[in-house]
Amino acid sequence: MGFFDRPLSVLTGLVLVCSLAAPAAADQASRLDEIVQRGSLRVGMTGDYKPFTYLDKATAKFSGFDVDMAESLGKALGVKVEFVPTSWPQLMKDFEADKFDVAMGGVSITLDRQKKGYFSTPIMREGKTPITRCSDTSKYQTLADIDKPGTRVVVNPGGTNERFARANIKAADVRVHPDNTTIFEEIAKGDADLMMTDASETRYQQKLHPGVLCAVHPEKPFDFSEKAYWLQRDVALKAFVDQWLHISTENGSYQAIYKAWFD
């Protein structure tokens, strides 16, 4: 039976239900409407993950790839951007407490986070890979190479890096370093042997420590992951952010921001 072959009483009922539902949906303000009316976009950031986000505590200013992207999004929305400091261990709790509209700053897509909100179109595809002293790259090519007694793996607390290390490292020593902005110095000075983190970060830190720290096969990471923007659950907001990303990619503004921080 096709739609137009249904009994008139059924069609009348469908029309009535739709007519009643439409005003209710129209009366419910979206998160996107709230942001525009408020005049500000609240962006949660850890400020400890270069080159995505870095908080200069002396000036209280954020800088980084996703800081520039947040400013671009705010401009597209016609609102100012308000950066809300958070941390990786606190990120989920702050998101659930509605302290910000979107989390940015190198946020990886996970199913646990997906349960709480929406993710934008992915902005980057990568995975976990080691970074170590350049003289030791041949020693840490595989997880089996790394997971040996005596190997010192350093991790930052509360995020996907620690989760990956805990899931894959059983024999080696996993050490938590609380400050993600100084964690790579632990490797450089010999207090840790390596860290497993996102390939983009290993490339960036390799550039900051030429001849000292080297990324280990960042083109072939151990696993698959994607980065995106983590949004409070609102269909209209996700649609806007996805469209903004699409336009930014097509008109070259995304590539310009990427080049400034990664190339």
# chains A, B, ... in the order shown; residues from 1 in each chain; ligands from 1
call {"tool": "residues_around", "arguments": {"residues": "segment 244-248 of chain A", "least_positions_apart": "6", "cutoff": "10 Å", "atoms": "only C-alpha atoms", "output": "list in words"}}
result
Met69, Ser72, Leu73, Ala76, Leu77, Ser120, Thr121, Pro122, Ile123, Lys238, Tyr254, Gln255, Ala256 and Ile257 of chain A
call {"tool": "residues_around", "arguments": {"residues": "Gly127 of chain A", "least_positions_apart": "5", "cutoff": "7 Å", "atoms": "only C-alpha atoms", "output": "PyMOL selection string"}}
result
chain A and resi 198-199+221-225
call {"tool": "write_last_selection", "arguments": {"atoms": "N, CA, C and O atoms", "output": "PDB file, in the first residue's frame"}}
result
ATOM      1  N   ASP A 198      49.523  11.357  19.818  1.00  0.00           N
ATOM      2  CA  ASP A 198      49.025  11.510  18.458  1.00  0.00           C
ATOM      3  C   ASP A 198      50.155  11.882  17.509  1.00  0.00           C
ATOM      4  O   ASP A 198      51.051  12.668  17.847  1.00  0.00           O
ATOM      5  N   ALA A 199      50.101  11.322  16.319  1.00  0.00           N
ATOM      6  CA  ALA A 199      51.166  11.521  15.337  1.00  0.00           C
ATOM      7  C   ALA A 199      51.425  13.003  15.063  1.00  0.00           C
ATOM      8  O   ALA A 199      52.576  13.417  14.881  1.00  0.00           O
ATOM      9  N   PRO A 221      50.821   5.017  12.346  1.00  0.00           N
ATOM     10  CA  PRO A 221      50.577   4.919  13.791  1.00  0.00           C
ATOM     11  C   PRO A 221      50.059   3.543  14.192  1.00  0.00           C
ATOM     12  O   PRO A 221      49.630   2.742  13.346  1.00  0.00           O
ATOM     13  N   PHE A 222      50.084   3.281  15.497  1.00  0.00           N
ATOM     14  CA  PHE A 222      49.654   1.990  16.021  1.00  0.00           C
ATOM     15  C   PHE A 222      48.153   1.755  15.880  1.00  0.00           C
ATOM     16  O   PHE A 222      47.701   0.610  15.834  1.00  0.00           O
ATOM     17  N   ASP A 223      47.380   2.825  15.893  1.00  0.00           N
ATOM     18  CA  ASP A 223      45.927   2.666  15.838  1.00  0.00           C
ATOM     19  C   ASP A 223      45.316   3.764  14.970  1.00  0.00           C
ATOM     20  O   ASP A 223      46.042   4.566  14.365  1.00  0.00           O
ATOM     21  N   PHE A 224      44.011   3.778  14.903  1.00  0.00           N
ATOM     22  CA  PHE A 224      43.274   4.772  14.124  1.00  0.00           C
ATOM     23  C   PHE A 224      42.513   5.689  15.066  1.00  0.00           C
ATOM     24  O   PHE A 224      41.881   5.237  16.030  1.00  0.00           O
ATOM     25  N   SER A 225      42.593   6.975  14.796  1.00  0.00           N
ATOM     26  CA  SER A 225      41.769   7.925  15.540  1.00  0.00           C
ATOM     27  C   SER A 225      41.533   9.157  14.676  1.00  0.00           C
ATOM     28  O   SER A 225      42.230   9.367  13.672  1.00  0.00           O
TER      29      SER A 225
END
call {"tool": "select_by_dssp", "arguments": {"residues": "segment 113-243 of chain A", "states": "strand (DSSP E or B)", "output": "MDAnalysis selection string"}}
result
chainID A and resid 118:119 124:126 128:133 152:155 173:176 194:198 213:215 225:227 230:231
call {"tool": "atom_distance", "arguments": {"atom1": "atom CA of Tyr118 of chain A", "atom2": "atom CA of Thr160 of chain A"}}
result
17.9 Å
call {"tool": "residues_around", "arguments": {"residues": "Thr197 of chain A", "least_positions_apart": "2", "cutoff": "10 Å", "atoms": "only C-alpha atoms", "output": "NGL selection string"}}
result
:A and (127-131 or 155-156 or 160-162 or 164-165 or 194-195 or 199-202 or 215 or 218 or 221)
call {"tool": "residues_around", "arguments": {"residues": "Gly106 of chain A", "least_positions_apart": "5", "cutoff": "9 Å", "atoms": "only C-alpha atoms", "output": "MDAnalysis selection string"}}
result
chainID A and resid 45 49:53 65:66 227:229
call {"tool": "write_last_selection", "arguments": {"atoms": "all heavy atoms", "output": "mmCIF file, in the first residue's frame"}}
result
data_model
loop_
_atom_site.group_PDB
_atom_site.id
_atom_site.type_symbol
_atom_site.label_atom_id
_atom_site.label_comp_id
_atom_site.auth_asym_id
_atom_site.auth_seq_id
_atom_site.Cartn_x
_atom_site.Cartn_y
_atom_site.Cartn_z
ATOM 1 N N MET A 45 38.929 24.442 26.622
ATOM 2 C CA MET A 45 40.282 24.118 26.157
ATOM 3 C C MET A 45 41.180 23.767 27.333
ATOM 4 O O MET A 45 41.111 24.395 28.387
ATOM 5 C CB MET A 45 40.894 25.299 25.405
ATOM 6 C CG MET A 45 40.415 25.446 23.986
ATOM 7 S SD MET A 45 41.540 26.465 23.029
ATOM 8 C CE MET A 45 40.922 26.108 21.375
ATOM 9 N N TYR A 49 48.295 21.453 24.995
ATOM 10 C CA TYR A 49 48.480 20.500 23.898
ATOM 11 C C TYR A 49 48.901 21.244 22.632
ATOM 12 O O TYR A 49 48.098 21.507 21.749
ATOM 13 C CB TYR A 49 47.180 19.716 23.684
ATOM 14 C CG TYR A 49 47.262 18.558 22.716
ATOM 15 C CD1 TYR A 49 48.471 18.100 22.216
ATOM 16 C CD2 TYR A 49 46.099 17.912 22.309
ATOM 17 C CE1 TYR A 49 48.521 17.037 21.341
ATOM 18 C CE2 TYR A 49 46.133 16.845 21.432
ATOM 19 C CZ TYR A 49 47.345 16.410 20.955
ATOM 20 O OH TYR A 49 47.390 15.355 20.073
ATOM 21 N N LYS A 50 50.184 21.593 22.555
ATOM 22 C CA LYS A 50 50.696 22.246 21.359
ATOM 23 C C LYS A 50 50.735 21.255 20.195
ATOM 24 O O LYS A 50 51.026 20.080 20.407
ATOM 25 C CB LYS A 50 52.111 22.779 21.612
ATOM 26 C CG LYS A 50 52.210 23.892 22.628
ATOM 27 C CD LYS A 50 53.669 24.317 22.786
ATOM 28 C CE LYS A 50 53.822 25.467 23.759
ATOM 29 N NZ LYS A 50 55.237 25.879 23.907
ATOM 30 N N PRO A 51 50.488 21.668 18.967
ATOM 31 C CA PRO A 51 50.190 23.043 18.546
ATOM 32 C C PRO A 51 48.700 23.366 18.517
ATOM 33 O O PRO A 51 48.305 24.371 17.974
ATOM 34 C CB PRO A 51 50.760 23.062 17.124
ATOM 35 C CG PRO A 51 50.473 21.687 16.612
ATOM 36 C CD PRO A 51 50.665 20.773 17.797
ATOM 37 N N PHE A 52 47.854 22.496 19.111
ATOM 38 C CA PHE A 52 46.413 22.732 19.067
ATOM 39 C C PHE A 52 45.994 23.851 20.013
ATOM 40 O O PHE A 52 45.189 24.706 19.655
ATOM 41 C CB PHE A 52 45.654 21.442 19.400
ATOM 42 C CG PHE A 52 45.828 20.358 18.397
ATOM 43 C CD1 PHE A 52 46.773 19.358 18.582
ATOM 44 C CD2 PHE A 52 45.063 20.341 17.246
ATOM 45 C CE1 PHE A 52 46.947 18.350 17.642
ATOM 46 C CE2 PHE A 52 45.220 19.336 16.300
ATOM 47 C CZ PHE A 52 46.169 18.345 16.501
ATOM 48 N N THR A 53 46.517 23.823 21.230
ATOM 49 C CA THR A 53 46.133 24.831 22.213
ATOM 50 C C THR A 53 47.221 24.969 23.266
ATOM 51 O O THR A 53 47.789 23.967 23.717
ATOM 52 C CB THR A 53 44.798 24.467 22.896
ATOM 53 O OG1 THR A 53 44.548 25.381 23.970
ATOM 54 C CG2 THR A 53 44.804 23.061 23.455
ATOM 55 N N PHE A 65 46.486 26.163 16.930
ATOM 56 C CA PHE A 65 45.672 25.866 15.746
ATOM 57 C C PHE A 65 44.181 25.967 16.046
ATOM 58 O O PHE A 65 43.427 26.641 15.340
ATOM 59 C CB PHE A 65 46.018 24.467 15.235
ATOM 60 C CG PHE A 65 45.080 23.943 14.189
ATOM 61 C CD1 PHE A 65 45.158 24.379 12.872
ATOM 62 C CD2 PHE A 65 44.103 23.016 14.519
ATOM 63 C CE1 PHE A 65 44.282 23.906 11.908
ATOM 64 C CE2 PHE A 65 43.228 22.522 13.559
ATOM 65 C CZ PHE A 65 43.318 22.971 12.250
ATOM 66 N N ASP A 66 43.740 25.279 17.101
ATOM 67 C CA ASP A 66 42.309 25.276 17.403
ATOM 68 C C ASP A 66 41.836 26.571 18.039
ATOM 69 O O ASP A 66 40.632 26.849 18.060
ATOM 70 C CB ASP A 66 41.947 24.073 18.288
ATOM 71 C CG ASP A 66 41.665 22.822 17.467
ATOM 72 O OD1 ASP A 66 41.303 22.967 16.284
ATOM 73 O OD2 ASP A 66 41.805 21.709 17.999
ATOM 74 N N LYS A 227 40.365 13.480 15.050
ATOM 75 C CA LYS A 227 40.088 14.638 15.889
ATOM 76 C C LYS A 227 38.898 15.395 15.308
ATOM 77 O O LYS A 227 38.702 15.433 14.097
ATOM 78 C CB LYS A 227 41.314 15.542 15.968
ATOM 79 C CG LYS A 227 42.495 14.901 16.673
ATOM 80 C CD LYS A 227 43.553 15.930 16.991
ATOM 81 C CE LYS A 227 44.784 15.269 17.579
ATOM 82 N NZ LYS A 227 44.498 14.412 18.735
ATOM 83 N N ALA A 228 38.126 15.988 16.212
ATOM 84 C CA ALA A 228 36.944 16.744 15.801
ATOM 85 C C ALA A 228 36.603 17.715 16.917
ATOM 86 O O ALA A 228 37.305 17.798 17.932
ATOM 87 C CB ALA A 228 35.770 15.804 15.512
ATOM 88 N N TYR A 229 35.519 18.438 16.733
ATOM 89 C CA TYR A 229 35.056 19.363 17.760
ATOM 90 C C TYR A 229 33.859 18.740 18.473
ATOM 91 O O TYR A 229 32.898 18.291 17.837
ATOM 92 C CB TYR A 229 34.731 20.707 17.135
ATOM 93 C CG TYR A 229 35.948 21.318 16.459
ATOM 94 C CD1 TYR A 229 35.877 21.931 15.219
ATOM 95 C CD2 TYR A 229 37.201 21.239 17.068
ATOM 96 C CE1 TYR A 229 37.004 22.461 14.601
ATOM 97 C CE2 TYR A 229 38.331 21.758 16.466
ATOM 98 C CZ TYR A 229 38.230 22.366 15.237
ATOM 99 O OH TYR A 229 39.354 22.871 14.642
#
